[in-house]
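**Student:** Contents of data23.txt (compact mmCIF, C-alpha atoms):
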# COMPACT_ATOMS: atom_id res chain seq x y z
CA MET A 1 -0.68 13.80 -23.93
CA PHE A 2 -0.61 11.89 -20.63
CA GLY A 3 3.02 12.89 -20.13
CA THR A 4 1.99 16.46 -19.31
CA GLN A 5 -0.54 15.27 -16.72
CA LEU A 6 2.00 12.92 -15.16
CA LYS A 7 4.64 15.67 -15.08
CA ASP A 8 2.10 17.98 -13.44
CA ALA A 9 1.29 15.33 -10.79
CA VAL A 10 4.99 14.77 -10.02
CA GLN A 11 5.83 18.48 -9.85
CA LYS A 12 2.84 19.33 -7.65
CA THR A 13 3.79 16.61 -5.14
CA PRO A 14 6.47 17.67 -2.66
CA GLY A 15 9.11 14.94 -2.96
CA GLY A 16 7.59 13.62 -6.21
CA ARG A 17 10.17 11.98 -8.50
CA SER A 18 8.45 10.19 -11.35
CA ALA A 19 5.18 8.74 -12.55
CA VAL A 20 3.96 6.25 -15.12
CA LEU A 21 0.60 5.42 -16.66
CA MET A 22 0.64 1.72 -17.40
CA GLY A 23 -1.50 -1.18 -18.46
CA LEU A 24 -2.01 -3.99 -15.95
CA ASP A 25 -0.05 -6.09 -18.45
CA GLY A 26 3.04 -4.01 -17.58
CA ILE A 27 3.14 -2.05 -20.86
CA PRO A 28 3.60 1.70 -20.27
CA VAL A 29 1.34 4.24 -21.97
CA ASP A 30 3.34 7.29 -20.92
CA PHE A 31 5.70 8.40 -18.17
CA PHE A 32 7.54 11.35 -16.68
CA SER A 33 10.70 11.30 -14.60
CA SER A 34 12.46 14.20 -12.91
CA ASP A 35 15.11 11.79 -11.69
CA GLY A 36 17.44 10.11 -14.17
CA GLU A 37 18.40 7.46 -11.64
CA VAL A 38 14.88 6.10 -11.36
CA ASP A 39 13.70 3.59 -13.92
CA ILE A 40 9.97 4.25 -13.47
CA GLU A 41 9.04 1.89 -16.30
CA THR A 42 10.70 -1.08 -14.59
CA ILE A 43 9.22 -0.09 -11.23
CA GLY A 44 5.76 0.23 -12.81
CA MET A 45 6.13 -3.14 -14.46
CA GLU A 46 7.03 -4.81 -11.17
CA PHE A 47 4.11 -3.09 -9.47
CA SER A 48 1.72 -4.29 -12.16
CA VAL A 49 2.52 -7.82 -10.92
CA ILE A 50 1.86 -6.81 -7.30
CA LEU A 51 -1.34 -4.98 -8.24
CA LYS A 52 -2.68 -8.03 -10.07
CA GLU A 53 -1.92 -10.15 -6.98
CA VAL A 54 -3.69 -7.57 -4.77
CA CYS A 55 -6.76 -7.47 -7.05
CA LYS A 56 -6.95 -11.28 -6.99
CA THR A 57 -6.71 -11.33 -3.19
CA ILE A 58 -9.35 -8.63 -2.75
CA GLU A 59 -11.68 -10.52 -5.04
CA GLN A 60 -11.17 -13.72 -3.04
CA LEU A 61 -11.84 -11.85 0.20
CA GLU A 62 -14.90 -10.13 -1.34
CA SER A 63 -13.52 -6.86 0.00
CA GLY A 64 -14.70 -4.49 -2.73
CA ALA A 65 -12.78 -3.01 -5.64
CA ALA A 66 -9.07 -2.09 -5.40
CA GLU A 67 -8.51 1.66 -5.54
CA GLU A 68 -5.04 2.33 -4.19
CA LEU A 69 -1.85 0.61 -3.12
CA THR A 70 1.06 2.18 -1.27
CA VAL A 71 4.44 0.62 -0.58
CA ARG A 72 6.95 2.39 1.63
CA THR A 73 10.58 1.46 2.05
CA ASP A 74 13.34 3.38 3.79
CA ARG A 75 14.39 4.72 0.37
CA MET A 76 11.16 5.45 -1.49
CA THR A 77 7.40 5.47 -1.45
CA THR A 78 5.41 4.13 -4.39
CA LEU A 79 1.77 5.09 -4.74
CA VAL A 80 -0.34 3.10 -7.17
CA ARG A 81 -3.79 4.36 -8.16
CA VAL A 82 -6.15 2.16 -10.17
CA VAL A 83 -7.49 4.06 -13.20
CA SER A 84 -9.68 1.32 -14.71
CA ASP A 85 -9.81 -2.48 -15.03
CA GLU A 86 -6.87 -2.23 -17.40
CA TYR A 87 -4.77 0.76 -16.36
CA PHE A 88 -3.06 2.26 -13.32
CA ILE A 89 -0.81 5.19 -12.41
CA ALA A 90 2.30 4.68 -10.27
CA LEU A 91 3.89 7.72 -8.64
CA LEU A 92 7.27 7.55 -6.95
CA LEU A 93 8.14 9.82 -4.01
CA SER A 94 11.11 10.36 -1.76
CA PRO A 95 10.61 8.79 1.70
CA ASP A 96 10.01 12.29 3.11
CA GLY A 97 7.63 13.25 0.26
CA ASN A 98 4.06 14.32 0.89
CA LEU A 99 2.09 11.07 0.47
CA GLY A 100 -1.20 12.70 1.46
CA LYS A 101 -0.90 15.27 -1.31
CA ALA A 102 0.18 12.59 -3.82
CA ARG A 103 -2.91 10.54 -2.93
CA TYR A 104 -5.15 13.55 -3.37
CA ILE A 105 -3.59 14.46 -6.74
CA LEU A 106 -3.93 10.93 -8.15
CA ARG A 107 -7.49 10.60 -6.83
CA ILE A 108 -8.42 13.67 -8.88
CA LEU A 109 -6.30 12.71 -11.91
CA ALA A 110 -7.43 9.07 -12.27
CA PRO A 111 -11.01 9.74 -13.49
CA LYS A 112 -9.74 12.40 -15.93
CA ILE A 113 -7.29 9.95 -17.45
CA ARG A 114 -9.93 7.20 -17.48
CA GLN A 115 -12.15 9.45 -19.54
CA ASP A 116 -9.34 10.21 -22.00
CA LEU A 117 -8.46 6.53 -22.34
CA THR A 118 -11.92 5.51 -23.49
CA MET B 1 0.02 -10.31 25.65
CA PHE B 2 0.05 -8.84 22.13
CA GLY B 3 -3.76 -8.93 22.06
CA THR B 4 -3.91 -5.94 24.43
CA GLN B 5 -1.53 -3.92 22.26
CA LEU B 6 -3.48 -4.79 19.11
CA LYS B 7 -6.78 -3.91 20.82
CA ASP B 8 -5.27 -0.61 21.91
CA ALA B 9 -4.11 0.16 18.34
CA VAL B 10 -7.57 -0.64 16.90
CA GLN B 11 -9.44 1.38 19.51
CA LYS B 12 -7.15 4.41 19.22
CA THR B 13 -7.63 4.50 15.43
CA PRO B 14 -10.81 6.25 14.31
CA GLY B 15 -12.51 3.69 12.07
CA GLY B 16 -10.22 0.87 13.28
CA ARG B 17 -11.89 -2.56 13.08
CA SER B 18 -9.36 -5.28 13.74
CA ALA B 19 -5.67 -6.11 13.85
CA VAL B 20 -3.44 -9.16 13.72
CA LEU B 21 0.20 -9.86 14.51
CA MET B 22 1.32 -12.55 12.12
CA GLY B 23 4.34 -14.43 10.86
CA LEU B 24 5.28 -13.96 7.20
CA ASP B 25 4.37 -17.64 6.88
CA GLY B 26 0.73 -16.67 7.50
CA ILE B 27 0.52 -18.09 11.03
CA PRO B 28 -1.07 -15.61 13.47
CA VAL B 29 0.57 -14.81 16.81
CA ASP B 30 -2.35 -12.84 18.21
CA PHE B 31 -5.28 -10.75 17.01
CA PHE B 32 -8.07 -8.45 18.10
CA SER B 33 -11.34 -7.79 16.32
CA SER B 34 -14.08 -5.35 17.23
CA ASP B 35 -16.07 -6.54 14.26
CA GLY B 36 -17.46 -10.08 14.19
CA GLU B 37 -17.96 -9.94 10.44
CA VAL B 38 -14.28 -9.50 9.70
CA ASP B 39 -12.06 -12.56 9.55
CA ILE B 40 -8.80 -10.77 10.29
CA GLU B 41 -6.84 -14.03 10.40
CA THR B 42 -7.80 -14.89 6.81
CA ILE B 43 -7.15 -11.32 5.66
CA GLY B 44 -3.75 -11.35 7.41
CA MET B 45 -2.90 -14.68 5.78
CA GLU B 46 -3.72 -13.36 2.31
CA PHE B 47 -1.69 -10.21 2.98
CA SER B 48 1.30 -12.29 4.07
CA VAL B 49 1.39 -13.59 0.48
CA ILE B 50 1.21 -10.04 -0.92
CA LEU B 51 3.85 -8.80 1.52
CA LYS B 52 6.26 -11.56 0.49
CA GLU B 53 5.70 -10.62 -3.16
CA VAL B 54 6.33 -6.94 -2.31
CA CYS B 55 9.52 -7.76 -0.38
CA LYS B 56 10.80 -9.84 -3.31
CA THR B 57 10.05 -7.02 -5.76
CA ILE B 58 11.72 -4.38 -3.59
CA GLU B 59 14.79 -6.57 -3.27
CA GLN B 60 14.95 -6.99 -7.06
CA LEU B 61 14.60 -3.24 -7.55
CA GLU B 62 17.22 -2.57 -4.85
CA SER B 63 14.79 -0.06 -3.38
CA GLY B 64 15.59 -0.46 0.32
CA ALA B 65 13.77 -2.39 3.03
CA ALA B 66 9.97 -2.74 3.05
CA GLU B 67 8.35 -0.85 5.92
CA GLU B 68 4.70 -0.43 5.11
CA LEU B 69 2.03 -1.51 2.69
CA THR B 70 -1.45 -0.03 2.32
CA VAL B 71 -4.29 -1.36 0.23
CA ARG B 72 -7.49 0.62 -0.15
CA THR B 73 -10.72 -0.62 -1.65
CA ASP B 74 -14.15 1.02 -1.65
CA ARG B 75 -15.04 -1.13 1.37
CA MET B 76 -11.94 -1.21 3.55
CA THR B 77 -8.37 -0.10 4.06
CA THR B 78 -5.69 -2.56 5.15
CA LEU B 79 -2.48 -1.23 6.63
CA VAL B 80 0.43 -3.63 6.92
CA ARG B 81 3.48 -2.69 8.99
CA VAL B 82 6.63 -4.80 8.89
CA VAL B 83 7.78 -5.66 12.43
CA SER B 84 10.84 -7.75 11.58
CA ASP B 85 12.10 -10.14 8.90
CA GLU B 86 9.58 -12.66 10.16
CA TYR B 87 6.58 -10.75 11.49
CA PHE B 88 4.10 -8.05 10.49
CA ILE B 89 1.02 -6.31 11.86
CA ALA B 90 -2.09 -5.86 9.70
CA LEU B 91 -4.70 -3.32 10.79
CA LEU B 92 -8.09 -3.08 9.13
CA LEU B 93 -9.97 0.23 8.91
CA SER B 94 -13.25 1.42 7.50
CA PRO B 95 -12.82 3.33 4.21
CA ASP B 96 -13.45 6.58 6.10
CA GLY B 97 -11.06 5.62 8.93
CA ASN B 98 -8.06 7.74 9.86
CA LEU B 99 -5.22 6.12 7.91
CA GLY B 100 -2.69 8.75 9.00
CA LYS B 101 -3.32 8.01 12.66
CA ALA B 102 -3.24 4.25 12.03
CA ARG B 103 0.16 4.62 10.33
CA TYR B 104 1.47 6.66 13.23
CA ILE B 105 0.21 4.15 15.82
CA LEU B 106 1.74 1.15 14.04
CA ARG B 107 5.02 2.97 13.46
CA ILE B 108 5.30 3.43 17.23
CA LEU B 109 3.99 -0.04 18.09
CA ALA B 110 6.14 -2.09 15.69
CA PRO B 111 9.52 -1.61 17.45
CA LYS B 112 7.90 -2.33 20.85
CA ILE B 113 6.48 -5.60 19.58
CA ARG B 114 9.77 -6.44 17.84
CA GLN B 115 11.54 -6.07 21.18
CA ASP B 116 9.01 -8.35 22.91
CA LEU B 117 9.26 -10.97 20.17
CA THR B 118 13.00 -11.46 20.58
The structure in this file should be written as structure tokens.

**Tutor:**
Amino acid sequence: MFGTQLKDAVQKTPGGRSAVLMGLDGIPVDFFSSDGEVDIETIGMEFSVILKEVCKTIEQLESGAAEELTVRTDRMTTLVRVVSDEYFIALLLSPDGNLGKARYILRILAPKIRQDLT
Amino acid sequence: MFGTQLKDAVQKTPGGRSAVLMGLDGIPVDFFSSDGEVDIETIGMEFSVILKEVCKTIEQLESGAAEELTVRTDRMTTLVRVVSDEYFIALLLSPDGNLGKARYILRILAPKIRQDLT
């Protein structure tokens, strides 16, 4: 059921390539990829490690609750949106993709998915 | 000398609070803070750990070279821009700050600082 929502998020994002809904433990719930070359599950798994590190740091700094993480390289942009204490969505874009739109789409999608997960 | 450039970046960013130029080893080169409550050196140091983790992950995924990292919480946004293999800039914004403008400013500033560092 989440696959359709993830597909929708990817296809509505200019430059969107793939997306995964994943547990913070690195286990995927569902994913969609429009790009056979991208292993979104592996990318999500690696980002679950980074996200845990970020959450730990933010807690130490007493800087509020983590909502979003973005990593840009010269080859791709990865947007991570926290869904709950246990789940996150990672969306992969081309470097020239529309990050602003991706952020907006995931901000709207995250609470919907949170509701469905509980 | 970098203090002036960092101050300029903070003041030109709506919602900008502080900025630091730092080595990936967590040692600050220079910083500017318009907000006495924010310990930008500690925040920068913690983000140097995250940035190293991100760089390692990106290398493993063969996903290009890290350029930028953004972390948003409900209380602040931290934008990290890679300057070189050894240095980065971290800029702290209010949650309602203009992240797009901050990204633009650091994208322009990073190569200038890189040139001055060598």

**Student:** Could the residues of stretch 8-92 of chain B that have an atom at most 6 Å from stretch 57-64 of chain A be listed as JSON lines, each with its closest atom pair and the distance in Å to one decimal, counting all atoms listed in the file and ordered by chain and ascending residue number?

**Tutor:**
{"residue": "B:Thr73", "atom": "CA", "partner": "A:Gly64", "partner_atom": "CA", "distance": 5.7}
{"residue": "B:Asp74", "atom": "CA", "partner": "A:Gly64", "partner_atom": "CA", "distance": 5.6}
{"residue": "B:Arg75", "atom": "CA", "partner": "A:Gly64", "partner_atom": "CA", "distance": 5.3}

**Student:** Near chain B, which residues of chain A fall within 10 Å when you count only C-alpha atoms, and what do they look like as a VMD selection string?

**Tutor:** chain A and resid 39 42 to 43 46 to 47 49 to 51 53 to 55 57 to 58 60 to 81 100

**Student:** For the selection just defined, write its residues with C-alpha atoms to a file, as a compact mmCIF listing (two decimals), in the coordinates of the input.

**Tutor:**
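So out-v9.txt came out as:
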# COMPACT_ATOMS: atom_id res chain seq x y z
CA ASP A 39 13.70 3.59 -13.92
CA THR A 42 10.70 -1.08 -14.59
CA ILE A 43 9.22 -0.09 -11.23
CA GLU A 46 7.03 -4.81 -11.17
CA PHE A 47 4.11 -3.09 -9.47
CA VAL A 49 2.52 -7.82 -10.92
CA ILE A 50 1.86 -6.81 -7.30
CA LEU A 51 -1.34 -4.98 -8.24
CA GLU A 53 -1.92 -10.15 -6.98
CA VAL A 54 -3.69 -7.57 -4.77
CA CYS A 55 -6.76 -7.47 -7.05
CA THR A 57 -6.71 -11.33 -3.19
CA ILE A 58 -9.35 -8.63 -2.75
CA GLN A 60 -11.17 -13.72 -3.04
CA LEU A 61 -11.84 -11.85 0.20
CA GLU A 62 -14.90 -10.13 -1.34
CA SER A 63 -13.52 -6.86 0.00
CA GLY A 64 -14.70 -4.49 -2.73
CA ALA A 65 -12.78 -3.01 -5.64
CA ALA A 66 -9.07 -2.09 -5.40
CA GLU A 67 -8.51 1.66 -5.54
CA GLU A 68 -5.04 2.33 -4.19
CA LEU A 69 -1.85 0.61 -3.12
CA THR A 70 1.06 2.18 -1.27
CA VAL A 71 4.44 0.62 -0.58
CA ARG A 72 6.95 2.39 1.63
CA THR A 73 10.58 1.46 2.05
CA ASP A 74 13.34 3.38 3.79
CA ARG A 75 14.39 4.72 0.37
CA MET A 76 11.16 5.45 -1.49
CA THR A 77 7.40 5.47 -1.45
CA THR A 78 5.41 4.13 -4.39
CA LEU A 79 1.77 5.09 -4.74
CA VAL A 80 -0.34 3.10 -7.17
CA ARG A 81 -3.79 4.36 -8.16
CA GLY A 100 -1.20 12.70 1.46

**Student:** In Å, rounded to a single decimal, give me how far atom CA of A:Gly3 is from atom CA of A:Leu99.

**Tutor:**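 We find that atom CA of A:Leu99 and atom CA of A:Gly3 lie 20.7 Å from each other.
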
**Student:** Applying 12 Å and all atoms listed in the file, which residues near B:Val29 remain after dropping the ones on its own chain fewer than 3 positions away? List them as a ChimeraX atom specification.

**Tutor:** /B:1-3,6,19-26,32,41,44-45,86-90,113,117

**Student:** Enter the distance from atom CA of B:Val38 to atom CA of B:Lys101, in Å, rounded to one decimal.

**Tutor:**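 Interatomic distance here is 20.9 Å.
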
**Student:** Around (-5.4, -3.0, 18.8) in the file's own coordinates, what residues are found within 9 Å if you use only C-alpha atoms, given back as a list of chain:residue names?

**Tutor:**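 Nearby residues: B:Phe2, B:Gly3, B:Thr4, B:Gln5, B:Leu6, B:Lys7, B:Asp8, B:Ala9, B:Val10, B:Gln11, B:Lys12, B:Thr13, B:Gly16, B:Arg17, B:Ser18, B:Ala19, B:Val20, B:Phe31, B:Phe32, B:Ser33, B:Leu91.
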
**Student:** Work out how far atom CA of B:Gly15 is from atom CA of B:Asp96, in Å to one decimal.

**Tutor:** 6.7 Å

**Student:** Using the file's own x, y and z axes, so that the box edges lie along x, y and z, what centre and edge lengths in Å (one decimal) does a box around every listed atom of stretch 21-39 of chain B get when 4 Å is added on each side? Give it as JSON.

**Tutor:**
{"center_x": -6.3, "center_y": -11.7, "center_z": 12.5, "size_x": 31.2, "size_y": 20.7, "size_z": 19.3}

**Student:** Would you mind telling me which residue in B:Pro111, B:Pro28, B:Gly97, B:Gly36 lies nearest to B:Pro14 when using only C-alpha atoms?

**Tutor:** B:Gly97
